[in-house]
file input.txt (compact mmCIF, C-alpha atoms)
# COMPACT_ATOMS: atom_id res chain seq x y z
CA MET A 1434 -5.30 24.78 5.47
CA SER A 1435 -2.73 22.62 7.29
CA ILE A 1436 -2.79 18.86 6.76
CA SER A 1437 -2.78 16.74 9.90
CA ALA A 1438 -1.95 13.08 10.39
CA PRO A 1439 -4.96 10.75 10.27
CA LYS A 1440 -6.42 9.09 13.34
CA LEU A 1441 -5.27 5.52 13.66
CA VAL A 1442 -5.18 2.14 15.34
CA ILE A 1443 -1.83 0.84 16.57
CA VAL A 1444 -0.91 -2.82 17.03
CA PRO A 1445 2.29 -2.67 19.07
CA PRO A 1446 5.12 -5.17 18.61
CA THR A 1447 5.50 -7.98 21.13
CA THR A 1448 9.30 -7.82 21.11
CA GLU A 1449 11.72 -4.91 20.67
CA HIS A 1450 10.34 -2.47 18.09
CA THR A 1451 12.71 -2.32 15.12
CA ALA A 1452 10.34 -2.02 12.13
CA THR A 1453 6.94 -0.58 11.22
CA VAL A 1454 4.21 -1.38 8.69
CA ILE A 1455 1.78 1.43 7.86
CA PHE A 1456 -1.20 -0.29 6.23
CA ILE A 1457 -3.93 1.79 4.58
CA HIS A 1458 -7.49 0.52 4.25
CA GLY A 1459 -9.80 0.77 1.24
CA LEU A 1460 -12.95 2.77 0.51
CA GLY A 1461 -15.65 2.50 3.16
CA ASP A 1462 -13.42 0.72 5.68
CA THR A 1463 -11.42 1.86 8.70
CA GLY A 1464 -8.09 0.89 10.20
CA HIS A 1465 -9.98 -1.60 12.39
CA GLY A 1466 -10.73 -3.66 9.28
CA TRP A 1467 -7.10 -4.73 8.95
CA LYS A 1468 -6.36 -5.19 12.66
CA PRO A 1469 -7.08 -8.97 12.53
CA VAL A 1470 -4.49 -9.32 9.75
CA ALA A 1471 -1.96 -7.30 11.76
CA ASN A 1472 -2.63 -9.50 14.79
CA MET A 1473 -2.21 -12.66 12.70
CA PHE A 1474 1.07 -11.48 11.19
CA GLN A 1475 2.39 -10.38 14.56
CA ALA A 1476 1.81 -13.88 15.96
CA ASP A 1477 4.60 -15.03 13.62
CA PRO A 1478 7.83 -14.86 15.67
CA GLU A 1479 9.63 -13.52 12.59
CA LEU A 1480 7.38 -10.42 12.62
CA SER A 1481 7.00 -9.87 16.38
CA HIS A 1482 9.30 -6.82 16.15
CA VAL A 1483 6.93 -5.01 13.78
CA LYS A 1484 4.60 -2.22 14.89
CA TRP A 1485 1.44 -1.87 12.78
CA VAL A 1486 -0.01 1.56 12.15
CA LEU A 1487 -3.54 1.42 10.72
CA PRO A 1488 -4.85 4.88 9.84
CA HIS A 1489 -8.52 5.85 9.39
CA ALA A 1490 -9.54 7.80 6.28
CA PRO A 1491 -11.68 10.92 6.66
CA THR A 1492 -15.34 10.82 5.69
CA LEU A 1493 -15.89 12.00 2.12
CA SER A 1494 -18.77 12.34 -0.31
CA ILE A 1495 -18.06 9.74 -3.04
CA THR A 1496 -19.30 10.89 -6.43
CA ALA A 1497 -19.52 7.41 -7.99
CA ASN A 1498 -21.63 6.24 -5.03
CA MET A 1499 -24.27 8.91 -5.64
CA GLY A 1500 -22.54 11.27 -3.24
CA MET A 1501 -22.83 8.90 -0.30
CA GLU A 1502 -20.54 9.79 2.58
CA MET A 1503 -18.06 7.13 3.69
CA PRO A 1504 -14.43 6.79 4.75
CA GLY A 1505 -12.22 7.45 1.74
CA TRP A 1506 -8.75 8.68 0.92
CA PHE A 1507 -9.97 10.46 -2.22
CA ASP A 1508 -13.14 10.86 -4.26
CA ILE A 1509 -13.98 8.24 -6.89
CA LEU A 1510 -15.43 10.05 -9.87
CA SER A 1511 -16.01 6.90 -11.92
CA PHE A 1512 -15.45 3.23 -11.19
CA GLY A 1513 -14.04 2.92 -14.68
CA PHE A 1514 -10.93 4.75 -13.46
CA ASP A 1515 -10.47 6.24 -16.93
CA ALA A 1516 -12.25 9.45 -16.00
CA GLU A 1517 -10.86 12.51 -14.26
CA GLU A 1518 -9.08 11.70 -11.00
CA ASP A 1519 -9.33 13.46 -7.66
CA GLU A 1520 -5.70 14.53 -7.80
CA GLN A 1521 -6.05 17.09 -5.01
CA GLY A 1522 -7.61 14.54 -2.69
CA MET A 1523 -4.95 11.94 -3.48
CA LEU A 1524 -2.06 14.32 -2.83
CA ARG A 1525 -3.67 15.63 0.35
CA SER A 1526 -3.98 12.09 1.71
CA VAL A 1527 -0.41 11.23 0.70
CA SER A 1528 0.79 14.24 2.70
CA SER A 1529 -1.35 13.20 5.66
CA ILE A 1530 -0.11 9.59 5.66
CA ASN A 1531 3.48 10.74 5.15
CA LYS A 1532 3.21 12.41 8.56
CA LEU A 1533 2.89 8.91 10.02
CA VAL A 1534 6.16 7.95 8.33
CA THR A 1535 7.75 11.07 9.81
CA ASP A 1536 6.44 10.14 13.26
CA GLU A 1537 8.08 6.71 13.01
CA VAL A 1538 11.38 8.18 11.84
CA ASP A 1539 11.27 10.76 14.63
CA SER A 1540 10.73 7.94 17.14
CA GLY A 1541 13.94 6.24 16.02
CA ILE A 1542 12.85 3.82 13.28
CA ALA A 1543 14.94 4.25 10.14
CA SER A 1544 12.91 4.87 6.99
CA ASP A 1545 14.36 1.75 5.38
CA ARG A 1546 12.70 -0.24 8.17
CA ILE A 1547 9.23 1.06 7.25
CA VAL A 1548 6.85 -0.59 4.78
CA VAL A 1549 3.86 1.33 3.45
CA GLY A 1550 1.04 -0.86 2.18
CA GLY A 1551 -2.66 -0.83 1.49
CA PHE A 1552 -5.73 -2.40 -0.04
CA SER A 1553 -7.63 -0.91 -3.02
CA GLN A 1554 -7.66 2.88 -2.42
CA GLY A 1555 -5.07 2.23 0.26
CA GLY A 1556 -2.91 0.48 -2.33
CA VAL A 1557 -3.10 3.59 -4.50
CA MET A 1558 -1.96 5.65 -1.53
CA SER A 1559 0.91 3.32 -0.71
CA LEU A 1560 2.20 3.45 -4.29
CA LEU A 1561 1.93 7.23 -4.56
CA LEU A 1562 3.64 7.75 -1.23
CA GLY A 1563 6.33 5.12 -1.65
CA LEU A 1564 7.28 5.94 -5.23
CA THR A 1565 7.50 9.69 -4.62
CA SER A 1566 8.93 9.74 -1.08
CA GLU A 1567 12.15 11.60 -0.46
CA ARG A 1568 12.96 8.80 1.99
CA LYS A 1569 14.17 5.32 1.08
CA LEU A 1570 11.52 2.97 2.46
CA ALA A 1571 11.83 -0.77 3.06
CA GLY A 1572 9.13 -1.45 0.48
CA ILE A 1573 5.57 -1.02 -0.78
CA ALA A 1574 2.73 -3.53 -0.54
CA CYS A 1575 -0.25 -3.01 -2.85
CA LEU A 1576 -3.26 -5.33 -2.67
CA SER A 1577 -5.99 -4.94 -5.32
CA GLY A 1578 -4.85 -1.43 -6.19
CA TRP A 1579 -3.89 0.54 -9.27
CA ILE A 1580 -1.52 3.25 -10.43
CA ALA A 1581 -3.05 6.72 -10.25
CA LEU A 1582 -1.86 10.05 -11.70
CA ARG A 1583 -0.11 8.21 -14.52
CA HIS A 1584 0.17 11.43 -16.49
CA LYS A 1585 2.62 12.88 -13.98
CA LEU A 1586 3.89 10.00 -11.84
CA ARG A 1587 7.03 9.60 -13.91
CA ALA A 1588 7.99 13.21 -13.12
CA MET A 1589 7.01 12.80 -9.45
CA ALA A 1590 8.90 9.53 -8.85
CA SER A 1591 11.95 9.68 -6.61
CA PRO A 1592 15.38 8.36 -7.69
CA GLN A 1593 15.07 5.39 -5.32
CA ALA A 1594 11.74 4.27 -6.83
CA THR A 1595 13.49 1.90 -9.26
CA THR A 1596 15.09 -0.12 -6.46
CA LEU A 1597 12.17 -0.31 -4.03
CA PRO A 1598 10.84 -3.79 -3.25
CA ILE A 1599 7.17 -3.85 -4.28
CA PHE A 1600 4.70 -6.63 -3.45
CA TRP A 1601 1.55 -6.50 -5.58
CA GLY A 1602 -1.31 -8.92 -5.09
CA HIS A 1603 -4.41 -8.92 -7.28
CA GLY A 1604 -7.44 -11.20 -7.54
CA VAL A 1605 -8.04 -12.44 -11.07
CA GLU A 1606 -11.82 -12.25 -10.56
CA ASP A 1607 -11.84 -8.73 -9.10
CA PRO A 1608 -15.09 -7.09 -10.36
CA LEU A 1609 -14.27 -3.61 -9.04
CA VAL A 1610 -10.57 -2.93 -9.54
CA LYS A 1611 -10.31 -5.13 -12.60
CA TYR A 1612 -7.40 -7.54 -12.84
CA ARG A 1613 -6.57 -5.98 -16.21
CA LEU A 1614 -6.06 -2.63 -14.49
CA GLY A 1615 -3.61 -4.24 -12.09
CA VAL A 1616 -1.70 -5.79 -15.00
CA GLU A 1617 -1.66 -2.48 -16.89
CA SER A 1618 -0.43 -0.71 -13.75
CA ALA A 1619 2.38 -3.22 -13.37
CA THR A 1620 3.32 -2.72 -17.02
CA PHE A 1621 3.39 1.04 -16.45
CA LEU A 1622 5.80 0.64 -13.55
CA LYS A 1623 8.10 -1.53 -15.64
CA GLU A 1624 7.97 0.49 -18.85
CA GLN A 1625 7.63 4.07 -17.59
CA LEU A 1626 9.53 3.94 -14.30
CA SER A 1627 12.08 1.26 -15.31
CA ILE A 1628 11.18 -0.93 -12.34
CA LYS A 1629 12.34 -4.46 -12.93
CA GLU A 1630 10.25 -7.56 -12.39
CA THR A 1631 11.03 -9.99 -9.59
CA THR A 1632 9.24 -12.53 -7.35
CA PHE A 1633 8.35 -12.20 -3.68
CA ASP A 1634 10.62 -15.11 -2.77
CA SER A 1635 13.56 -14.00 -4.90
CA PRO A 1636 16.89 -13.36 -3.11
CA ASP A 1637 16.94 -10.00 -4.91
CA LEU A 1638 14.01 -8.11 -3.41
CA GLN A 1639 14.46 -4.98 -5.51
CA GLY A 1640 11.68 -4.50 -8.04
CA LEU A 1641 8.05 -5.46 -8.60
CA ALA A 1642 6.70 -8.84 -7.54
CA PHE A 1643 3.25 -9.06 -9.19
CA ASN A 1644 1.19 -11.96 -7.86
CA SER A 1645 -2.11 -13.18 -9.34
CA TYR A 1646 -4.70 -15.06 -7.29
CA ASN A 1647 -7.24 -17.20 -9.15
CA GLY A 1648 -10.77 -17.21 -7.81
CA VAL A 1649 -10.24 -14.08 -5.72
CA GLY A 1650 -12.47 -11.04 -6.20
CA HIS A 1651 -12.07 -7.61 -4.61
CA SER A 1652 -10.71 -9.12 -1.43
CA THR A 1653 -7.82 -11.22 -0.27
CA ASN A 1654 -7.33 -14.87 0.63
CA GLN A 1655 -5.02 -16.89 2.84
CA LYS A 1656 -2.57 -17.65 0.03
CA GLU A 1657 -2.12 -13.94 -0.72
CA LEU A 1658 -1.67 -13.12 2.97
CA ASP A 1659 0.85 -15.94 3.37
CA ASP A 1660 2.81 -14.63 0.38
CA LEU A 1661 2.72 -11.10 1.79
CA LYS A 1662 3.91 -12.37 5.17
CA ARG A 1663 6.89 -14.14 3.59
CA TRP A 1664 7.77 -10.96 1.69
CA LEU A 1665 7.54 -8.86 4.86
CA GLU A 1666 9.83 -11.26 6.69
CA LYS A 1667 12.45 -10.60 3.99
CA VAL A 1668 12.17 -6.82 3.67
CA LEU A 1669 11.86 -6.31 7.45
CA PRO A 1670 14.09 -9.06 8.83
CA LYS A 1671 14.29 -9.53 12.56
CA GLY A 1672 17.46 -8.62 14.38
CA THR A 1673 18.50 -5.68 12.19
call {"tool": "encode", "arguments": {"input": "input.txt", "output": "structure tokens"}}
result
Amino acid sequence: MSISAPKLVIVPPTTEHTATVIFIHGLGDTGHGWKPVANMFQADPELSHVKWVLPHAPTLSITANMGMEMPGWFDILSFGFDAEEDEQGMLRSVSSINKLVTDEVDSGIASDRIVVGGFSQGGVMSLLLGLTSERKLAGIACLSGWIALRHKLRAMASPQATTLPIFWGHGVEDPLVKYRLGVESATFLKEQLSIKETTFDSPDLQGLAFNSYNGVGHSTNQKELDDLKRWLEKVLPKGT
């Protein structure tokens, strides 16, 4: 069965299009859920050149939610995340979302002017796609996500994975994707993939900037969004 690109919402740039953010929503959401954030970021003159691509996940039966059907990029077999993973579903969605990257490249946007990001399940997708892509992307943004397929990610990772700028934001009070899982995922990236640690406002953007947000659950807040915006301004600078 062929894999097609997902349906999507587009927030076009307000000035000349020279960069793209593909942002992937979490379980039960749609691309519309992140459109207000895209609109807010685009109002910043330093990001007016950025096109936002907000894909919709297909409807799936989610095992951990008693088989309830909802938008999802892959099945969740257990909310503990220590159980068996839906590897087939994850890889199928990565292939689908990668078609959106291909579309941007085909339209004239260089791959190193494309950021792939996401929230929760979408963060998982952005990490899998970005770390294994044959293309050199501008960076990865993961909000409240985790590293999946740890047993084979090291073998799947591309040579450029070690130099990719990565913004990771995680709420300390997250009851669903536990903060500890975010920390362990960051440790995995550093120890198993040799990705160095940095900060989102460092002059050297290469590496993982892991940012903790006190009082934040499985959501985001203005401080996290402001930090992400500053990072995006650096990895997708205007006028290049």
call {"tool": "closest_atom_pairs", "arguments": {"input": "input.txt", "of": "segment 1630-1662 of chain A", "to": "segment 1593-1611 of chain A", "cutoff": "6 Å", "atoms": "only C-alpha atoms", "output": "JSON lines"}}
result
{"residue": "A:Leu1638", "atom": "CA", "partner": "A:Pro1598", "partner_atom": "CA", "distance": 5.4}
{"residue": "A:Gln1639", "atom": "CA", "partner": "A:Pro1598", "partner_atom": "CA", "distance": 4.4}
{"residue": "A:Gly1640", "atom": "CA", "partner": "A:Pro1598", "partner_atom": "CA", "distance": 4.9}
{"residue": "A:Leu1641", "atom": "CA", "partner": "A:Ile1599", "partner_atom": "CA", "distance": 4.7}
{"residue": "A:Ala1642", "atom": "CA", "partner": "A:Phe1600", "partner_atom": "CA", "distance": 5.1}
{"residue": "A:Phe1643", "atom": "CA", "partner": "A:Trp1601", "partner_atom": "CA", "distance": 4.7}
{"residue": "A:Asn1644", "atom": "CA", "partner": "A:Gly1602", "partner_atom": "CA", "distance": 4.8}
{"residue": "A:Ser1645", "atom": "CA", "partner": "A:His1603", "partner_atom": "CA", "distance": 5.3}
{"residue": "A:Tyr1646", "atom": "CA", "partner": "A:Gly1604", "partner_atom": "CA", "distance": 4.7}
{"residue": "A:Asn1647", "atom": "CA", "partner": "A:Val1605", "partner_atom": "CA", "distance": 5.2}
{"residue": "A:Gly1648", "atom": "CA", "partner": "A:Glu1606", "partner_atom": "CA", "distance": 5.8}
{"residue": "A:Val1649", "atom": "CA", "partner": "A:Gly1604", "partner_atom": "CA", "distance": 4.4}
{"residue": "A:Gly1650", "atom": "CA", "partner": "A:Asp1607", "partner_atom": "CA", "distance": 3.8}
{"residue": "A:His1651", "atom": "CA", "partner": "A:Asp1607", "partner_atom": "CA", "distance": 4.6}
call {"tool": "residues_around", "arguments": {"input": "input.txt", "residues": "Trp1467 of chain A", "least_positions_apart": "2", "cutoff": "12 Å", "atoms": "only C-alpha atoms", "output": "JSON, numbers by chain"}}
result
{"A": [1441, 1442, 1443, 1444, 1454, 1455, 1456, 1457, 1458, 1459, 1462, 1463, 1464, 1465, 1469, 1470, 1471, 1472, 1473, 1474, 1485, 1486, 1487, 1488, 1489, 1550, 1551, 1552, 1555, 1652, 1653, 1658]}
call {"tool": "residues_near_point", "arguments": {"input": "input.txt", "point": "(8.9, 1.2, 9.9)", "cutoff": "10 Å", "atoms": "all atoms listed in the file", "output": "mmCIF file with C-alpha atoms, keeping the file's coordinate frame"}}
result
data_model
loop_
_atom_site.group_PDB
_atom_site.id
_atom_site.type_symbol
_atom_site.label_atom_id
_atom_site.label_comp_id
_atom_site.auth_asym_id
_atom_site.auth_seq_id
_atom_site.Cartn_x
_atom_site.Cartn_y
_atom_site.Cartn_z
ATOM 1 C CA HIS A 1450 10.340 -2.470 18.090
ATOM 2 C CA THR A 1451 12.710 -2.320 15.120
ATOM 3 C CA ALA A 1452 10.340 -2.020 12.130
ATOM 4 C CA THR A 1453 6.940 -0.580 11.220
ATOM 5 C CA VAL A 1454 4.210 -1.380 8.690
ATOM 6 C CA ILE A 1455 1.780 1.430 7.860
ATOM 7 C CA VAL A 1483 6.930 -5.010 13.780
ATOM 8 C CA LYS A 1484 4.600 -2.220 14.890
ATOM 9 C CA TRP A 1485 1.440 -1.870 12.780
ATOM 10 C CA VAL A 1486 -0.010 1.560 12.150
ATOM 11 C CA LEU A 1533 2.890 8.910 10.020
ATOM 12 C CA VAL A 1534 6.160 7.950 8.330
ATOM 13 C CA THR A 1535 7.750 11.070 9.810
ATOM 14 C CA ASP A 1536 6.440 10.140 13.260
ATOM 15 C CA GLU A 1537 8.080 6.710 13.010
ATOM 16 C CA VAL A 1538 11.380 8.180 11.840
ATOM 17 C CA GLY A 1541 13.940 6.240 16.020
ATOM 18 C CA ILE A 1542 12.850 3.820 13.280
ATOM 19 C CA ALA A 1543 14.940 4.250 10.140
ATOM 20 C CA SER A 1544 12.910 4.870 6.990
ATOM 21 C CA ASP A 1545 14.360 1.750 5.380
ATOM 22 C CA ARG A 1546 12.700 -0.240 8.170
ATOM 23 C CA ILE A 1547 9.230 1.060 7.250
ATOM 24 C CA VAL A 1548 6.850 -0.590 4.780
ATOM 25 C CA VAL A 1549 3.860 1.330 3.450
ATOM 26 C CA LEU A 1570 11.520 2.970 2.460
ATOM 27 C CA ALA A 1571 11.830 -0.770 3.060
ATOM 28 C CA GLY A 1572 9.130 -1.450 0.480
ATOM 29 C CA LEU A 1669 11.860 -6.310 7.450
#
call {"tool": "atom_distance", "arguments": {"input": "input.txt", "atom1": "atom CA of Gln1554 of chain A", "atom2": "atom CA of Asp1539 of chain A"}}
result
26.7 Å
call {"tool": "closest_residue", "arguments": {"input": "input.txt", "among": "A:Glu1449, A:Glu1666, A:Asp1637, A:Glu1520", "to": "Leu1561 of chain A", "atoms": "all atoms listed in the file"}}
result
A:Glu1520
call {"tool": "closest_residue", "arguments": {"input": "input.txt", "among": "A:Val1527, A:Val1668, A:Met1558, A:Ala1590", "to": "Ser1627 of chain A", "atoms": "only C-alpha atoms"}}
result
A:Ala1590
call {"tool": "closest_residue", "arguments": {"input": "input.txt", "among": "A:Pro1445, A:Glu1567, A:Ser1635, A:Asp1660", "to": "Lys1468 of chain A", "atoms": "only C-alpha atoms"}}
result
A:Pro1445
call {"tool": "atom_distance", "arguments": {"input": "input.txt", "atom1": "atom CA of Pro1491 of chain A", "atom2": "atom CA of Met1523 of chain A"}}
result
12.2 Å
call {"tool": "residues_near_point", "arguments": {"input": "input.txt", "point": "(-15.8, 8.0, 4.1)", "cutoff": "8 Å", "atoms": "only C-alpha atoms", "output": "ChimeraX atom specification"}}
result
/A:1460-1462,1490-1495,1502-1506
call {"tool": "write_last_selection", "arguments": {"input": "input.txt", "atoms": "C-alpha atoms", "output": "CSV table (one decimal), in the frame of the given file"}}
result
chain,number,residue,atom,x,y,z
A,1460,LEU,CA,-13.0,2.8,0.5
A,1461,GLY,CA,-15.6,2.5,3.2
A,1462,ASP,CA,-13.4,0.7,5.7
A,1490,ALA,CA,-9.5,7.8,6.3
A,1491,PRO,CA,-11.7,10.9,6.7
A,1492,THR,CA,-15.3,10.8,5.7
A,1493,LEU,CA,-15.9,12.0,2.1
A,1494,SER,CA,-18.8,12.3,-0.3
A,1495,ILE,CA,-18.1,9.7,-3.0
A,1502,GLU,CA,-20.5,9.8,2.6
A,1503,MET,CA,-18.1,7.1,3.7
A,1504,PRO,CA,-14.4,6.8,4.8
A,1505,GLY,CA,-12.2,7.4,1.7
A,1506,TRP,CA,-8.8,8.7,0.9
call {"tool": "atom_distance", "arguments": {"input": "input.txt", "atom1": "atom CA of Gly1556 of chain A", "atom2": "atom CA of Gly1615 of chain A"}}
result
10.9 Å
